[in-house]
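model_11.pdb follows (PDB, C-alpha atoms):
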ATOM      1  CA  MET A   1     -22.213 -35.671 -39.987
ATOM      2  CA  ASN A   2     -19.637 -35.219 -42.758
ATOM      3  CA  GLN A   3     -21.370 -32.049 -43.912
ATOM      4  CA  GLN A   4     -21.358 -30.649 -40.348
ATOM      5  CA  LEU A   5     -17.620 -31.349 -40.040
ATOM      6  CA  THR A   6     -16.953 -29.539 -43.331
ATOM      7  CA  LYS A   7     -18.956 -26.491 -42.173
ATOM      8  CA  THR A   8     -17.031 -26.446 -38.897
ATOM      9  CA  LYS A   9     -13.678 -26.581 -40.719
ATOM     10  CA  ILE A  10     -14.715 -23.723 -43.015
ATOM     11  CA  MET A  11     -15.851 -21.651 -40.040
ATOM     12  CA  LEU A  12     -12.558 -22.270 -38.215
ATOM     13  CA  ALA A  13     -10.621 -21.300 -41.342
ATOM     14  CA  VAL A  14     -12.585 -18.032 -41.632
ATOM     15  CA  VAL A  15     -12.062 -17.226 -37.952
ATOM     16  CA  SER A  16      -8.331 -17.963 -38.278
ATOM     17  CA  VAL A  17      -7.981 -15.679 -41.289
ATOM     18  CA  LEU A  18      -9.833 -12.888 -39.485
ATOM     19  CA  ALA A  19      -7.641 -13.319 -36.388
ATOM     20  CA  VAL A  20      -4.495 -13.016 -38.515
ATOM     21  CA  MET A  21      -5.876  -9.896 -40.218
ATOM     22  CA  VAL A  22      -6.724  -8.225 -36.897
ATOM     23  CA  ALA A  23      -3.346  -9.125 -35.372
ATOM     24  CA  GLY A  24      -1.593  -7.669 -38.407
ATOM     25  CA  ALA A  25      -3.571  -4.425 -38.186
ATOM     26  CA  VAL A  26      -2.718  -3.703 -34.537
ATOM     27  CA  PRO A  27       0.906  -2.645 -35.220
ATOM     28  CA  ALA A  28      -0.314  -0.392 -38.035
ATOM     29  CA  PHE A  29      -2.615   1.452 -35.638
ATOM     30  CA  ALA A  30       0.155   1.723 -33.035
ATOM     31  CA  GLN A  31       2.549   3.236 -35.575
ATOM     32  CA  GLU A  32      -0.022   5.711 -36.888
ATOM     33  CA  GLY A  33       0.278   7.902 -33.780
ATOM     34  CA  ALA A  34       4.073   7.649 -33.908
ATOM     35  CA  GLU A  35       4.376   9.523 -37.207
ATOM     36  CA  GLU A  36       5.647  13.089 -37.133
ATOM     37  CA  ILE A  37       2.974  15.610 -38.052
ATOM     38  CA  THR A  38       3.250  19.200 -39.208
ATOM     39  CA  VAL A  39       0.815  21.906 -38.109
ATOM     40  CA  THR A  40       0.827  25.511 -39.339
ATOM     41  CA  GLY A  41      -1.116  28.124 -37.412
ATOM     42  CA  VAL A  42      -1.018  30.845 -34.768
ATOM     43  CA  ILE A  43       0.169  29.966 -31.247
ATOM     44  CA  SER A  44      -2.232  30.897 -28.431
ATOM     45  CA  ASP A  45      -1.724  30.981 -24.653
ATOM     46  CA  GLU A  46      -4.048  28.401 -23.039
ATOM     47  CA  GLY A  47      -3.049  28.977 -19.390
ATOM     48  CA  THR A  48      -1.250  26.556 -17.094
ATOM     49  CA  LYS A  49      -1.747  23.041 -15.777
ATOM     50  CA  ALA A  50      -2.261  22.408 -12.056
ATOM     51  CA  ASP A  51       1.474  21.722 -11.689
ATOM     52  CA  GLY A  52       2.326  25.130 -13.203
ATOM     53  CA  THR A  53       3.389  23.866 -16.639
ATOM     54  CA  PRO A  54       2.369  26.411 -19.276
ATOM     55  CA  VAL A  55       0.070  25.183 -22.028
ATOM     56  CA  TYR A  56      -0.162  26.667 -25.517
ATOM     57  CA  GLY A  57      -2.422  25.852 -28.423
ATOM     58  CA  ILE A  58      -2.276  25.798 -32.196
ATOM     59  CA  THR A  59      -5.064  25.173 -34.699
ATOM     60  CA  ASP A  60      -4.117  23.785 -38.089
ATOM     61  CA  GLU A  61      -4.940  26.615 -40.488
ATOM     62  CA  THR A  62      -5.785  24.133 -43.256
ATOM     63  CA  THR A  63      -8.874  23.157 -41.239
ATOM     64  CA  LEU A  64     -10.116  26.716 -40.537
ATOM     65  CA  GLY A  65     -13.297  27.969 -42.165
ATOM     66  CA  LYS A  66     -14.256  24.686 -43.778
ATOM     67  CA  GLU A  67     -17.825  23.849 -42.857
ATOM     68  CA  TRP A  68     -17.433  20.252 -43.975
ATOM     69  CA  TYR A  69     -14.339  19.703 -41.839
ATOM     70  CA  GLN A  70     -13.827  20.032 -38.110
ATOM     71  CA  GLU A  71     -11.066  22.404 -37.005
ATOM     72  CA  VAL A  72      -8.081  20.434 -35.720
ATOM     73  CA  GLY A  73      -6.114  21.922 -32.860
ATOM     74  CA  TYR A  74      -3.361  20.732 -30.556
ATOM     75  CA  LEU A  75      -2.141  21.629 -27.091
ATOM     76  CA  MET A  76       1.581  21.965 -26.449
ATOM     77  CA  GLU A  77       3.069  21.730 -22.969
ATOM     78  CA  GLY A  78       6.148  23.817 -22.238
ATOM     79  CA  ASP A  79       7.312  27.393 -22.790
ATOM     80  CA  TYR A  80       6.259  28.662 -26.191
ATOM     81  CA  SER A  81       5.634  32.226 -24.963
ATOM     82  CA  ALA A  82       8.018  33.646 -27.588
ATOM     83  CA  TYR A  83       5.649  32.377 -30.300
ATOM     84  CA  VAL A  84       2.288  33.616 -28.910
ATOM     85  CA  ASN A  85       0.195  35.356 -31.606
ATOM     86  CA  LYS A  86       2.750  34.390 -34.264
ATOM     87  CA  ARG A  87       2.117  32.158 -37.269
ATOM     88  CA  VAL A  88       4.514  29.211 -37.172
ATOM     89  CA  THR A  89       4.890  25.681 -38.454
ATOM     90  CA  VAL A  90       5.254  23.128 -35.664
ATOM     91  CA  HIS A  91       6.630  19.621 -36.155
ATOM     92  CA  GLY A  92       6.076  16.908 -33.569
ATOM     93  CA  MET A  93       4.507  13.680 -32.458
ATOM     94  CA  ARG A  94       0.953  13.353 -31.180
ATOM     95  CA  GLN A  95       0.938  12.095 -27.589
ATOM     96  CA  SER A  96      -1.508   9.351 -26.728
ATOM     97  CA  GLY A  97      -3.371   8.941 -23.476
ATOM     98  CA  HIS A  98      -4.885  12.442 -23.329
ATOM     99  CA  ALA A  99      -8.491  13.537 -23.722
ATOM    100  CA  GLU A 100      -7.266  16.426 -25.897
ATOM    101  CA  ARG A 101      -4.844  16.367 -28.819
ATOM    102  CA  VAL A 102      -1.426  17.007 -27.295
ATOM    103  CA  LEU A 103       1.581  17.565 -29.528
ATOM    104  CA  ASP A 104       5.109  16.755 -28.363
ATOM    105  CA  VAL A 105       6.990  19.411 -30.351
ATOM    106  CA  THR A 106      10.302  18.399 -31.933
ATOM    107  CA  TRP A 107      10.979  21.674 -33.768
ATOM    108  CA  ILE A 108       9.417  24.943 -34.910
ATOM    109  CA  GLU A 109      10.002  26.938 -38.068
TER
END
Just give me the structure of the file as structure tokens.
Amino acid sequence: MNQQLTKTKIMLAVVSVLAVMVAGAVPAFAQEGAEEITVTGVISDEGTKADGTPVYGITDETTLGKEWYQEVGYLMEGDYSAYVNKRVTVHGMRQSGHAERVLDVTWIE
């Protein structure tokens, strides 16, 4: 009986440690999407949403032509028509809750 109690205490200690580790990791994942990212590439016109909002795209040129790496692109909602077919560097925050990668642009250089 004493041995069973010791095993139970060890198991509870392991579960407690794991719970603390998981709880500590959740804020790290939440903050990951909140970091500003920088993407350099050529802006493309992707059409409009159902509500009429124009949508533009940009593919990170550092991911182009690399067979071992998937191209990474972002959609940007709003009027970026002045930048279509131009190479720019876009700074912004990735928006969550979309099936596609959507970038909330903070500034363009």
- Could you work out how far CA of Thr89 in chain A lies from CA of Gly57 in chain A, giving the answer in Å with one decimal? 12.4 Å
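Using all atoms listed in the file, the nearest neighbour of Glu35 in chain A within the list A:Gly92, A:Gly47, A:Gly52, A:Gly65 is A:Gly92.
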- Provide the CA of His91 in chain A to CA of Ala50 in chain A distance in Å, to one decimal place. 25.8 Å
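The residue that comes closest to Thr48 in chain A, out of A:Ser81, A:Gly73, A:Thr62, A:Lys9 and on the basis of only C-alpha atoms, is A:Ser81.
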- Counting all atoms listed in the file, which of A:Thr106, A:Arg101, A:Glu77, A:Asn85 gets nearest to Glu36 in chain A? A:Thr106
Would you kindly return, as a PDB file with C-alpha atoms, keeping the file's coordinate frame, each protein, DNA or RNA residue with an atom no farther than 6 Å from any atom of range 40-42 of chain A, considering all atoms listed in the file and excluding same-chain residues fewer than 2 positions away?
ATOM      1  CA  ILE A  58      -2.276  25.798 -32.196  1.00  0.00           C
ATOM      2  CA  THR A  59      -5.064  25.173 -34.699  1.00  0.00           C
ATOM      3  CA  ASP A  60      -4.117  23.785 -38.089  1.00  0.00           C
ATOM      4  CA  GLU A  61      -4.940  26.615 -40.488  1.00  0.00           C
ATOM      5  CA  ASN A  85       0.195  35.356 -31.606  1.00  0.00           C
ATOM      6  CA  LYS A  86       2.750  34.390 -34.264  1.00  0.00           C
ATOM      7  CA  ARG A  87       2.117  32.158 -37.269  1.00  0.00           C
ATOM      8  CA  VAL A  88       4.514  29.211 -37.172  1.00  0.00           C
ATOM      9  CA  THR A  89       4.890  25.681 -38.454  1.00  0.00           C
TER      10      THR A  89
END
